[in-house]
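Content type mmCIF, C-alpha atoms and all ligand atoms, from the file data-v1.cif:
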data_data
#
loop_
_atom_site.label_atom_id
_atom_site.label_comp_id
_atom_site.auth_asym_id
_atom_site.auth_seq_id
_atom_site.Cartn_x
_atom_site.Cartn_y
_atom_site.Cartn_z
CA MET K 60 0.00 0.00 0.00
CA LYS K 61 1.09 3.57 -0.67
CA GLN K 62 2.02 5.60 2.40
CA LEU K 63 -0.45 8.43 3.03
CA ILE K 64 0.32 10.88 5.82
CA ILE K 65 -2.39 13.27 7.01
CA ILE K 66 -1.48 16.24 9.19
CA GLY K 67 -4.41 17.28 11.38
CA GLY K 68 -7.43 15.42 12.73
CA GLY K 69 -10.10 18.10 12.35
CA PHE K 70 -13.07 18.06 9.96
CA ALA K 71 -10.93 17.58 6.85
CA GLY K 72 -8.16 15.30 8.15
CA ALA K 73 -10.39 12.99 10.21
CA TYR K 74 -12.75 12.54 7.29
CA ILE K 75 -9.96 11.70 4.83
CA ALA K 76 -8.29 9.30 7.29
CA ARG K 77 -11.52 7.41 7.89
CA LYS K 78 -12.41 7.16 4.21
CA LEU K 79 -8.97 6.07 3.00
CA GLU K 80 -7.58 3.92 5.81
CA SER K 81 -8.50 0.71 3.97
CA GLU K 82 -6.97 1.84 0.65
CA PHE K 83 -3.70 3.45 1.79
CA ALA K 84 -1.31 2.90 4.70
CA VAL K 85 -2.59 5.95 6.58
CA THR K 86 -0.72 7.79 9.34
CA LEU K 87 -2.67 10.55 11.06
CA PHE K 88 -0.67 13.17 12.94
CA ASP K 89 -2.62 15.36 15.33
CA THR K 90 -1.62 17.50 18.27
CA LYS K 91 -4.79 16.25 20.02
CA ASP K 92 -5.89 12.65 20.54
CA TYR K 93 -9.52 13.36 19.62
CA PHE K 94 -11.81 14.96 17.07
CA GLU K 95 -13.88 17.87 18.37
CA PHE K 96 -17.04 19.28 16.80
CA THR K 97 -15.88 22.90 17.03
CA PRO K 98 -19.25 24.51 16.14
CA SER K 99 -20.62 23.34 19.50
CA VAL K 100 -17.68 24.33 21.70
CA LEU K 101 -19.22 27.67 22.70
CA ARG K 102 -22.20 25.89 24.26
CA THR K 103 -19.88 23.84 26.48
CA LEU K 104 -18.82 27.08 28.22
CA VAL K 105 -22.34 27.50 29.59
CA GLU K 106 -23.26 23.80 29.64
CA PRO K 107 -20.05 21.79 30.33
CA LYS K 108 -21.89 18.44 30.18
CA HIS K 109 -22.41 19.04 26.47
CA LEU K 110 -18.73 18.29 25.93
CA GLN K 111 -19.16 14.53 26.07
CA ARG K 112 -21.42 14.79 23.03
CA ILE K 113 -18.97 16.62 20.81
CA GLU K 114 -15.69 14.77 21.22
CA VAL K 115 -14.55 11.42 19.82
CA PRO K 116 -11.07 9.92 20.39
CA HIS K 117 -9.44 9.29 17.02
CA GLN K 118 -8.96 5.64 17.94
CA ALA K 119 -12.74 5.20 18.23
CA TYR K 120 -13.39 5.71 14.55
CA LEU K 121 -10.05 4.71 12.97
CA HIS K 122 -9.34 1.00 12.79
CA THR K 123 -6.13 0.52 10.82
CA ALA K 124 -4.62 4.00 10.56
CA MET K 125 -1.58 4.76 12.70
CA ILE K 126 -2.37 7.70 15.00
CA ILE K 127 0.53 9.82 16.23
CA ARG K 128 -0.29 12.50 18.80
CA LYS K 129 2.63 14.76 18.05
CA PRO K 130 2.95 18.04 16.20
CA VAL K 131 4.56 17.83 12.80
CA THR K 132 7.54 20.16 12.92
CA GLU K 133 8.79 19.95 9.35
CA VAL K 134 7.86 18.65 5.91
CA THR K 135 10.43 17.79 3.24
CA ASP K 136 9.81 16.55 -0.34
CA ASN K 137 9.00 13.01 0.82
CA GLU K 138 9.20 13.06 4.63
CA VAL K 139 7.31 14.41 7.58
CA ILE K 140 9.14 15.09 10.82
CA GLY K 141 7.19 14.71 14.04
CA GLY K 142 8.41 14.00 17.58
CA GLY K 143 12.00 14.06 16.31
CA LYS K 144 11.40 11.12 13.91
CA GLU K 145 11.13 11.01 10.13
CA TYR K 146 8.21 9.38 8.34
CA LEU K 147 8.30 8.70 4.60
CA PHE K 148 5.22 9.39 2.50
CA ASP K 149 4.05 8.75 -1.05
CA TYR K 150 1.20 11.20 -0.58
CA LEU K 151 0.67 13.90 2.02
CA VAL K 152 -2.44 15.83 3.05
CA ILE K 153 -2.00 19.06 4.98
CA ALA K 154 -5.17 19.56 7.05
CA SER K 155 -3.66 21.40 10.01
CA GLY K 156 -6.50 23.92 10.03
CA SER K 157 -6.48 27.08 12.03
CA ARG K 158 -6.05 28.15 15.61
CA TYR K 159 -8.29 30.28 17.78
CA THR K 160 -7.83 31.70 21.23
CA VAL K 161 -8.10 29.41 24.25
CA PRO K 162 -10.51 28.03 25.39
CA ILE K 163 -12.35 28.08 22.05
CA LYS K 164 -9.73 25.92 20.34
CA GLU K 165 -6.92 23.99 22.00
CA GLU K 166 -3.80 22.22 20.75
CA ASN K 167 -1.42 19.76 22.39
CA ILE K 168 -3.98 18.27 24.67
CA VAL K 169 -5.57 14.92 25.52
CA ILE K 170 -9.32 14.48 25.77
CA ALA K 171 -9.51 14.30 29.59
CA ALA K 172 -7.49 17.49 30.05
CA ARG K 173 -9.71 19.29 27.53
CA GLY K 174 -12.74 18.35 29.63
CA ARG K 175 -11.14 19.72 32.80
CA GLU K 176 -10.06 22.90 31.03
CA LEU K 177 -13.53 23.68 29.67
CA GLN K 178 -15.10 22.95 33.07
CA GLN K 179 -12.73 25.42 34.73
CA TRP K 180 -13.68 28.08 32.19
CA ALA K 181 -17.38 27.33 32.70
CA HIS K 182 -16.86 27.69 36.45
CA GLN K 183 -15.07 31.02 36.03
CA LEU K 184 -17.83 32.22 33.75
CA GLU K 185 -20.48 31.27 36.29
CA LYS K 186 -18.65 33.33 38.96
CA ALA K 187 -17.99 36.37 36.75
CA LYS K 188 -20.24 39.42 37.17
CA ASN K 189 -18.90 41.27 34.15
CA VAL K 190 -17.97 39.56 30.91
CA LEU K 191 -16.24 41.16 27.95
CA ILE K 192 -16.33 39.71 24.45
CA VAL K 193 -13.85 41.20 22.02
CA GLY K 194 -15.03 40.72 18.43
CA GLY K 195 -18.51 40.64 16.93
CA GLY K 196 -18.11 38.22 14.04
CA ILE K 197 -19.91 34.87 14.10
CA VAL K 198 -17.98 33.47 17.08
CA GLY K 199 -18.28 36.61 19.27
CA THR K 200 -21.98 37.00 18.46
CA GLU K 201 -22.77 33.33 19.12
CA LEU K 202 -20.81 33.41 22.38
CA ALA K 203 -22.60 36.55 23.63
CA ALA K 204 -25.95 34.89 22.85
CA GLU K 205 -25.02 31.68 24.69
CA ILE K 206 -23.92 33.63 27.77
CA VAL K 207 -26.89 36.01 27.90
CA GLU K 208 -29.35 33.15 27.43
CA ARG K 209 -27.84 31.11 30.27
CA PHE K 210 -26.93 34.05 32.58
CA PRO K 211 -29.32 36.96 31.84
CA GLU K 212 -28.22 38.75 35.03
CA LYS K 213 -24.57 39.17 33.99
CA GLU K 214 -23.23 42.44 32.65
CA ILE K 215 -22.04 41.53 29.16
CA THR K 216 -20.16 43.93 26.91
CA LEU K 217 -19.32 43.12 23.30
CA ILE K 218 -16.81 45.36 21.56
CA HIS K 219 -16.44 45.23 17.79
CA SER K 220 -14.17 47.23 15.51
CA LYS K 221 -16.72 47.29 12.65
CA LYS K 222 -19.99 49.24 12.16
CA ASP K 223 -22.21 46.25 12.86
CA LEU K 224 -22.07 42.60 13.95
CA LEU K 225 -21.51 39.77 11.44
CA GLU K 226 -20.07 42.14 8.85
CA ARG K 227 -19.76 39.52 6.08
CA ASN K 228 -23.49 38.76 6.26
CA PRO K 229 -26.61 40.46 4.83
CA ARG K 230 -28.02 43.56 6.63
CA LYS K 231 -31.08 41.66 7.86
CA ALA K 232 -28.90 39.12 9.65
CA GLN K 233 -26.76 41.85 11.22
CA LYS K 234 -29.81 43.74 12.46
CA TYR K 235 -31.47 40.62 13.85
CA ALA K 236 -28.36 39.59 15.80
CA ARG K 237 -27.81 43.12 17.14
CA ARG K 238 -31.42 43.47 18.32
CA PHE K 239 -31.40 39.97 19.81
CA LEU K 240 -28.43 40.84 22.01
CA GLN K 241 -29.41 44.42 22.83
CA ARG K 242 -32.95 43.43 23.88
CA ARG K 243 -31.42 41.03 26.37
CA GLY K 244 -29.20 43.73 27.83
CA VAL K 245 -25.88 43.09 26.09
CA LYS K 246 -23.99 46.35 25.73
CA ILE K 247 -22.48 46.58 22.25
CA ILE K 248 -19.73 49.05 21.40
CA PHE K 249 -19.00 49.49 17.69
CA GLU K 250 -15.98 50.91 15.86
CA GLU K 251 -13.66 50.58 18.83
CA ARG K 252 -10.81 48.20 19.61
CA VAL K 253 -9.26 46.93 22.83
CA VAL K 254 -5.63 48.04 22.70
CA ASP K 255 -4.37 47.42 26.21
CA THR K 256 -5.16 45.28 29.20
CA ALA K 257 -4.01 45.26 32.81
CA ALA K 258 -5.54 42.93 35.40
CA LYS K 259 -9.30 43.25 34.84
CA LYS K 260 -9.13 46.59 33.01
CA TYR K 261 -9.38 46.77 29.22
CA ALA K 262 -8.51 50.05 27.47
CA THR K 263 -9.82 50.92 24.01
CA ASN K 264 -8.33 53.05 21.23
CA LYS K 265 -10.93 55.74 22.03
CA GLY K 266 -9.87 56.08 25.66
CA ARG K 267 -12.67 54.02 27.18
CA GLU K 268 -11.95 51.65 30.07
CA ILE K 269 -13.96 48.48 30.51
CA PHE K 270 -13.83 46.40 33.70
CA ALA K 271 -14.47 42.70 33.26
CA ASP K 272 -13.97 39.66 35.47
CA LEU K 273 -13.59 37.53 32.38
CA ALA K 274 -12.82 38.32 28.73
CA PHE K 275 -13.02 36.21 25.59
CA LEU K 276 -11.03 37.12 22.49
CA CYS K 277 -13.07 36.34 19.39
CA THR K 278 -11.05 38.13 16.77
CA GLY K 279 -10.59 35.46 14.13
CA ILE K 280 -8.51 32.53 13.02
CA ALA K 281 -4.83 32.11 12.13
CA PRO K 282 -3.54 29.27 9.93
CA ASN K 283 -1.47 26.44 11.47
CA SER K 284 1.30 26.61 8.89
CA GLN K 285 4.40 27.52 10.96
CA PHE K 286 5.90 24.04 10.43
CA LEU K 287 5.85 24.55 6.65
CA LYS K 288 8.03 27.64 6.65
CA LYS K 289 11.30 25.68 6.49
CA ASN K 290 10.16 23.97 3.29
CA GLY K 291 11.33 25.99 0.30
CA LYS K 292 8.92 24.36 -2.16
CA ILE K 293 5.56 24.68 -0.41
CA THR K 294 4.20 28.12 -1.14
CA LEU K 295 2.42 30.05 1.57
CA ALA K 296 0.24 32.99 0.61
CA GLU K 297 0.94 36.38 2.19
CA ASP K 298 -1.45 35.62 5.02
CA SER K 299 0.32 32.26 5.61
CA PHE K 300 -2.46 30.06 4.22
CA VAL K 301 -1.25 27.23 1.93
CA GLN K 302 -1.50 27.91 -1.81
CA VAL K 303 -3.37 25.21 -3.71
CA ASN K 304 -4.44 24.70 -7.31
CA ALA K 305 -7.96 23.83 -8.51
CA HIS K 306 -7.37 20.15 -7.64
CA LEU K 307 -6.33 21.12 -4.10
CA GLN K 308 -2.73 20.11 -4.79
CA VAL K 309 -0.20 22.33 -3.07
CA THR K 310 1.43 24.56 -5.70
CA ASN K 311 4.51 22.82 -7.20
CA CYS K 312 3.93 19.63 -5.17
CA PRO K 313 1.72 17.16 -7.11
CA ASN K 314 1.80 14.51 -4.36
CA ILE K 315 0.86 16.95 -1.57
CA PHE K 316 -2.75 18.08 -1.07
CA ALA K 317 -4.30 20.52 1.38
CA ALA K 318 -7.88 20.74 2.64
CA GLY K 319 -9.92 22.78 5.10
CA ASP K 320 -9.16 26.05 6.88
CA ILE K 321 -5.46 25.85 5.96
CA THR K 322 -5.99 26.43 2.21
CA ASN K 323 -5.82 29.89 0.68
CA ILE K 324 -9.20 29.44 -1.07
CA LYS K 325 -11.17 32.64 -0.70
CA GLU K 326 -14.37 31.45 0.92
CA GLU K 327 -15.92 31.40 4.39
CA LYS K 328 -13.82 28.98 6.47
CA THR K 329 -16.38 26.46 7.65
CA ALA K 330 -16.61 22.82 8.63
CA GLN K 331 -18.87 22.29 5.62
CA ALA K 332 -16.23 23.68 3.25
CA ALA K 333 -13.54 21.59 4.97
CA GLU K 334 -15.54 18.42 4.35
CA LYS K 335 -16.33 19.35 0.75
CA GLN K 336 -12.62 19.93 0.12
CA ALA K 337 -11.82 16.66 1.88
CA GLU K 338 -14.16 14.85 -0.53
CA VAL K 339 -12.27 16.26 -3.52
CA VAL K 340 -8.91 15.31 -1.97
CA ILE K 341 -10.17 11.74 -1.36
CA ASP K 342 -11.24 11.42 -5.02
CA ASN K 343 -8.00 12.96 -6.26
CA LEU K 344 -5.77 10.72 -4.13
CA ARG K 345 -7.55 7.69 -5.58
CA ALA K 346 -7.28 9.17 -9.09
CA LEU K 347 -3.58 9.92 -8.68
CA ALA K 348 -2.86 6.39 -7.42
CA GLU K 349 -4.79 4.91 -10.37
CA GLY K 350 -3.45 7.36 -12.97
CA ARG K 351 -6.86 8.95 -13.63
CA LYS K 352 -7.79 12.59 -14.26
CA LEU K 353 -8.14 14.79 -11.17
CA ARG K 354 -11.33 16.58 -10.09
CA GLU K 355 -11.62 20.31 -9.46
CA TYR K 356 -12.90 21.88 -6.25
CA VAL K 357 -15.63 24.40 -6.90
CA SER K 358 -16.00 26.96 -4.17
CA LYS K 359 -19.54 28.19 -3.61
CA ALA K 360 -21.75 29.81 -1.02
CA ARG K 361 -23.40 27.26 1.25
CA PRO K 362 -26.25 27.71 3.74
CA MET K 363 -24.88 28.75 7.11
CA VAL K 364 -26.62 28.71 10.47
CA ILE K 365 -25.59 31.19 13.15
CA SER K 366 -27.00 30.18 16.52
CA LEU K 367 -28.31 32.68 19.06
CA GLY K 368 -28.45 30.51 22.14
CA LYS K 369 -30.25 27.18 22.07
CA TRP K 370 -33.61 28.28 20.70
CA ASN K 371 -32.91 31.01 18.18
CA GLY K 372 -30.76 31.50 15.15
CA ILE K 373 -30.17 32.92 11.69
CA LEU K 374 -29.91 30.90 8.50
CA VAL K 375 -28.07 32.71 5.70
CA TYR K 376 -27.89 31.53 2.11
CA HIS K 377 -26.68 34.07 -0.48
CA HIS K 378 -28.97 37.05 0.25
CA PHE K 379 -31.71 34.95 1.81
CA VAL K 380 -32.00 35.33 5.58
CA TRP K 381 -34.28 33.26 7.80
CA THR K 382 -34.46 34.06 11.49
CA GLY K 383 -36.05 32.70 14.66
CA ILE K 384 -36.63 29.37 16.30
CA LEU K 385 -36.43 27.18 13.19
CA PRO K 386 -32.84 28.11 12.26
CA GLY K 387 -32.03 27.57 15.96
CA LEU K 388 -33.56 24.10 15.74
CA ILE K 389 -31.68 23.33 12.52
CA LYS K 390 -28.43 23.96 14.38
CA GLN K 391 -29.58 21.53 17.06
CA LEU K 392 -30.52 19.04 14.36
CA ILE K 393 -26.98 19.26 12.96
CA GLU K 394 -25.71 18.59 16.47
CA TRP K 395 -28.10 15.69 16.90
CA LYS K 396 -27.03 14.21 13.57
CA THR K 397 -23.43 14.56 14.71
CA MET K 398 -24.12 12.78 17.99
CA ARG K 399 -25.95 9.95 16.21
CA LYS K 400 -23.12 9.55 13.74
CA GLN K 401 -20.55 9.69 16.52
CA LYS K 402 -22.33 6.89 18.34
CA SER K 403 -22.24 4.74 15.23
CA MET K 404 -18.62 5.86 14.79
CA ASP K 405 -19.56 7.30 11.46
CA PHE K 406 -18.30 10.60 10.20
CA GLY K 407 -18.90 13.20 7.55
CA ILE K 408 -21.28 15.38 9.52
CA TYR K 409 -22.33 17.50 6.58
CA GLN K 410 -22.21 14.61 4.11
CA LYS K 411 -24.91 12.16 3.15
CA ASN K 412 -22.75 9.01 3.14
C1 LIG K 501 -16.25 28.71 17.77
C2 LIG K 501 -16.37 28.24 16.37
C3 LIG K 501 -17.64 27.95 15.84
C4 LIG K 501 -17.77 27.48 14.53
N1 LIG K 501 -19.02 27.20 14.04
C5 LIG K 501 -19.15 26.68 12.80
C6 LIG K 501 -20.46 26.30 12.30
O1 LIG K 501 -21.47 26.50 12.94
N2 LIG K 501 -20.51 25.73 11.05
C7 LIG K 501 -19.40 25.51 10.29
O2 LIG K 501 -19.52 24.96 9.19
N3 LIG K 501 -18.16 25.89 10.74
C8 LIG K 501 -18.01 26.45 11.97
N4 LIG K 501 -16.75 26.82 12.42
C9 LIG K 501 -15.57 26.64 11.55
C10 LIG K 501 -15.06 25.19 11.59
O3 LIG K 501 -14.90 24.76 12.92
C11 LIG K 501 -13.73 25.11 10.85
O4 LIG K 501 -13.90 25.60 9.55
C12 LIG K 501 -13.25 23.65 10.81
O5 LIG K 501 -12.94 23.21 12.11
C13 LIG K 501 -12.04 23.50 9.88
O6 LIG K 501 -11.65 22.15 9.87
P1 LIG K 501 -10.14 21.73 9.50
O7 LIG K 501 -10.13 20.24 9.45
O8 LIG K 501 -9.68 22.48 8.32
O9 LIG K 501 -9.21 22.25 10.68
P2 LIG K 501 -9.29 22.18 12.27
O10 LIG K 501 -10.66 21.83 12.73
O11 LIG K 501 -8.66 23.44 12.73
O12 LIG K 501 -8.35 20.94 12.63
C14 LIG K 501 -6.97 20.97 12.42
C15 LIG K 501 -6.30 19.93 13.29
O13 LIG K 501 -4.91 19.92 13.00
C16 LIG K 501 -4.15 19.87 14.20
N5 LIG K 501 -2.82 20.43 13.96
C17 LIG K 501 -2.48 21.73 13.78
N6 LIG K 501 -1.15 21.86 13.57
C18 LIG K 501 -0.64 20.61 13.59
C19 LIG K 501 0.68 20.07 13.45
N7 LIG K 501 1.75 20.86 13.22
N8 LIG K 501 0.85 18.74 13.55
C20 LIG K 501 -0.21 17.92 13.78
N9 LIG K 501 -1.48 18.37 13.93
C21 LIG K 501 -1.70 19.70 13.83
C22 LIG K 501 -5.02 20.68 15.17
O14 LIG K 501 -4.73 20.39 16.51
C23 LIG K 501 -6.43 20.20 14.77
O15 LIG K 501 -6.78 19.02 15.45
C24 LIG K 501 -16.61 27.32 13.73
C25 LIG K 501 -15.33 27.63 14.26
C26 LIG K 501 -15.21 28.09 15.56
C27 LIG K 501 -13.83 28.40 16.10
#
Go through the file and emit its structure as structure tokens.
Ligand SMILES: Cc1cc2nc3c(=O)[nH]c(=O)nc-3n(C[C@H](O)[C@H](O)[C@H](O)COP(=O)(O)OP(=O)(O)OC[C@H]3O[C@@H](n4cnc5c(N)ncnc54)[C@H](O)[C@@H]3O)c2cc1C
Amino acid sequence: MKQLIIIGGGFAGAYIARKLESEFAVTLFDTKDYFEFTPSVLRTLVEPKHLQRIEVPHQAYLHTAMIIRKPVTEVTDNEVIGGGKEYLFDYLVIASGSRYTVPIKEENIVIAARGRELQQWAHQLEKAKNVLIVGGGIVGTELAAEIVERFPEKEITLIHSKKDLLERNPRKAQKYARRFLQRRGVKIIFEERVVDTAAKKYATNKGREIFADLAFLCTGIAPNSQFLKKNGKITLAEDSFVQVNAHLQVTNCPNIFAAGDITNIKEEKTAQAAEKQAEVVIDNLRALAEGRKLREYVSKARPMVISLGKWNGILVYHHFVWTGILPGLIKQLIEWKTMRKQKSMDFGIYQKN
């Protein structure tokens, strides 16, 4: 069997590993020993028990793949270096995704420690009187909604550098999210940035001081591509995302693919997109091994659900916006589907098969 190394066990990497472990000699490198359903992590901060529903150890759904819980530190033309050892590959998939601030995403951690960490954060949140959320994109908005729904008595401030929340979404969605939060007492400050912090004091660029017992930074993702910088052949875009061609092959490296948040494809970085890209990589790895023609990845807008607590939400598709309880329930349905598939050790949350 050809040696296939996959770097990263998130939506893209876990899906590829599971689908191809019987056709290739698969080695999965991940800094964590489990897959986590990131879209539900925010709920675990107000409902820690939810965590057991959204995590699966890699060994529970992989049967023959070798799993190595070590960060990859370097990639050469035909080798991956992890934990000080070299591993030869015929094909490589870079699915190292993106990082976010703790506790929203975590690296280098085992499943039990992740549980303890999120419980500690949930406990701190329960004790906090004042909470500050920095950033009003999807993550900041969803987090503010989770907190205000569970703890309506807390003083919650959301500060956002833009003119409105969810700036990449239609006006109707922005307005709905803003009103949802403001009606529940969340104080929203627009067009201001936190520039300094000391103890529990946060200073903004307009001279305002905000006191908060607890603050969450929700200011966006950064690609996990540091380990690729030593490789002269793999091209990183200016923003450090990995450059790929239409077949999701890394530029100049026909036997190396990339999928998920790590690619430089200009589209909303979502779990859905990561799985769609993973599907194309799976087909193309098979095609390459059999000498067939490769498939192209077509980037397109997909329906997206933004949750506002458990029972409310916004569904956005192109310029169509649907708000209220049903979008909220759809998000729960996605979660439920995930749980069901996790129990049967199946994967591909957004896929039919
Ligand atoms: C709070 C939040 C809510 C979200 N909600 C939604 C939603 O509702 N719907 C939706 O579609 N998307 C949502 N997303 C986006 C979605 O989670 C990401 O697009 C998705 O996780 C990307 O998957 P991935 O496989 O590319 O990377 P990741 O999920 O980032 O996984 C990458 C993996 O690679 C590992 N890794 C990194 N570097 C190395 C290394 N050097 N060596 C070995 N392993 C490494 C990481 O530890 C990680 O396990 C949300 C994201 C966040 C943060």
Distance filter 7 Å around ligand LIG 501 (chain K), atoms: all atoms listed in the file, out as a ChimeraX atom specification: /K:66-72,88-91,94,97-101,129-132,154-159,163-167,198,283,286,318-321,328-333,363-365
Enumerate, in order of chain and increasing residue number, the residues of segment 264-286 of chain K with an atom no farther than 12 Å from segment 244-257 of chain K, each with its shortest atom pair and distance in Å to one decimal, counting all atoms listed in the file, as a Markdown table.
| residue | atom | partner | partner_atom | distance |
| --- | --- | --- | --- | --- |
| K:Asn264 | CA | K:Arg252 | CA | 5.7 |
| K:Lys265 | CA | K:Glu251 | CA | 6.7 |
| K:Gly266 | CA | K:Glu251 | CA | 9.6 |
| K:Arg267 | CA | K:Val253 | CA | 9.0 |
| K:Glu268 | CA | K:Val253 | CA | 9.1 |
| K:Ile269 | CA | K:Val253 | CA | 9.1 |
| K:Phe270 | CA | K:Thr256 | CA | 9.8 |
| K:Ala271 | CA | K:Thr256 | CA | 10.5 |
| K:Asp272 | CA | K:Ala257 | CA | 11.7 |
| K:Leu273 | CA | K:Thr256 | CA | 11.9 |
| K:Ala274 | CA | K:Thr256 | CA | 10.4 |
| K:Phe275 | CA | K:Val253 | CA | 11.7 |
| K:Leu276 | CA | K:Val253 | CA | 10.0 |
| K:Cys277 | CA | K:Val253 | CA | 11.8 |
| K:Thr278 | CA | K:Arg252 | CA | 10.5 |
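Using all atoms listed in the file, the shortest contact distance between Tyr146 of chain K and any of K:Ile315, K:Leu63, K:Ile206, K:Leu388 is found at K:Leu63.
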Length of the atom CA of Arg237 of chain K to atom CA of Gly372 of chain K vector [Å]: 12.2 Å
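For the atom pair formed by atom CA of Asn343 of chain K and atom CA of Glu145 of chain K, the distance is 25.3 Å, given to one decimal.
When all atoms listed in the file are used to compute distances to Ser284 of chain K, the closest of the residues K:Glu205, K:Val301, K:His109, K:Thr382 turns out to be K:Val301.
For the choices K:Ile65, K:Leu374, K:Ile215, K:Met60, the atom-to-atom distance to Ala317 of chain K is smallest for K:Ile65 when using only C-alpha atoms.
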Atom pair atom CA of Ala204 of chain K / atom CA of Gln241 of chain K: separation (Å): 10.1 Å
Counting all atoms listed in the file, the residue of K:Asn228, K:Thr103, K:Thr263, K:Gln179 that sits nearest His377 of chain K: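 For His377 of chain K, the nearest of the candidates is K:Asn228.
Distances from K:His117, K:Lys260, K:Lys289, K:Arg102 to Ile140 of chain K were compared using only C-alpha atoms, and the smallest one belongs to K:Lys289.
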Which protein, DNA or RNA residues have an atom at most 6 Å from (2.7, 21.3, 5.5), counting only C-alpha atoms? List them as an MDAnalysis selection string. chainID K and resid 134 153 287
Centre and edge lengths of an axis-aligned box around all listed atoms of segment 235-248 of chain K, with 3 Å added on each side, are to be given in Å to one decimal, as JSON.
{"center_x": -26.3, "center_y": 44.3, "center_z": 20.8, "size_x": 19.2, "size_y": 15.5, "size_z": 20.0}
Find the residues around segment 337-341 of chain K up to 7 Å (only C-alpha atoms counted), leave out those fewer than 4 positions away in its own chain, and share them as a ChimeraX atom specification. /K:71,74-75,307,316,318,333,345,354,356
Please reconstruct the missing atoms of segment 304-318 of chain K (target: N, CA and C atoms) and return them as an mmCIF file, in the frame of the given file.
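Writing done, so here's rebuild.cif:
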data_model
loop_
_atom_site.group_PDB
_atom_site.id
_atom_site.type_symbol
_atom_site.label_atom_id
_atom_site.label_comp_id
_atom_site.auth_asym_id
_atom_site.auth_seq_id
_atom_site.Cartn_x
_atom_site.Cartn_y
_atom_site.Cartn_z
ATOM 1 N N ASN K 304 -3.844 24.511 -5.988
ATOM 2 C CA ASN K 304 -4.440 24.700 -7.310
ATOM 3 C C ASN K 304 -5.896 24.219 -7.293
ATOM 4 N N ALA K 305 -6.534 24.190 -8.454
ATOM 5 C CA ALA K 305 -7.960 23.830 -8.510
ATOM 6 C C ALA K 305 -8.225 22.407 -8.039
ATOM 7 N N HIS K 306 -7.194 21.536 -8.101
ATOM 8 C CA HIS K 306 -7.370 20.150 -7.640
ATOM 9 C C HIS K 306 -7.024 19.985 -6.164
ATOM 10 N N LEU K 307 -6.736 21.083 -5.512
ATOM 11 C CA LEU K 307 -6.330 21.120 -4.100
ATOM 12 C C LEU K 307 -4.940 20.518 -3.868
ATOM 13 N N GLN K 308 -4.141 20.483 -4.943
ATOM 14 C CA GLN K 308 -2.730 20.110 -4.790
ATOM 15 C C GLN K 308 -1.970 21.375 -4.382
ATOM 16 N N VAL K 309 -1.024 21.192 -3.479
ATOM 17 C CA VAL K 309 -0.200 22.330 -3.070
ATOM 18 C C VAL K 309 0.643 22.761 -4.278
ATOM 19 N N THR K 310 0.699 24.052 -4.532
ATOM 20 C CA THR K 310 1.430 24.560 -5.700
ATOM 21 C C THR K 310 2.830 23.949 -5.774
ATOM 22 N N ASN K 311 3.205 23.441 -6.922
ATOM 23 C CA ASN K 311 4.510 22.820 -7.200
ATOM 24 C C ASN K 311 4.740 21.457 -6.544
ATOM 25 N N CYS K 312 3.730 20.907 -5.870
ATOM 26 C CA CYS K 312 3.930 19.630 -5.170
ATOM 27 C C CYS K 312 2.773 18.690 -5.522
ATOM 28 N N PRO K 313 2.858 17.960 -6.661
ATOM 29 C CA PRO K 313 1.720 17.160 -7.110
ATOM 30 C C PRO K 313 1.281 16.061 -6.152
ATOM 31 N N ASN K 314 2.200 15.579 -5.287
ATOM 32 C CA ASN K 314 1.800 14.510 -4.360
ATOM 33 C C ASN K 314 1.407 15.038 -2.975
ATOM 34 N N ILE K 315 1.278 16.365 -2.866
ATOM 35 C CA ILE K 315 0.860 16.950 -1.570
ATOM 36 C C ILE K 315 -0.448 17.730 -1.788
ATOM 37 N N PHE K 316 -1.463 17.393 -0.996
ATOM 38 C CA PHE K 316 -2.750 18.080 -1.070
ATOM 39 C C PHE K 316 -2.966 18.881 0.219
ATOM 40 N N ALA K 317 -3.890 19.829 0.149
ATOM 41 C CA ALA K 317 -4.300 20.520 1.380
ATOM 42 C C ALA K 317 -5.812 20.644 1.366
ATOM 43 N N ALA K 318 -6.419 20.635 2.552
ATOM 44 C CA ALA K 318 -7.880 20.740 2.640
ATOM 45 C C ALA K 318 -8.261 21.422 3.941
#
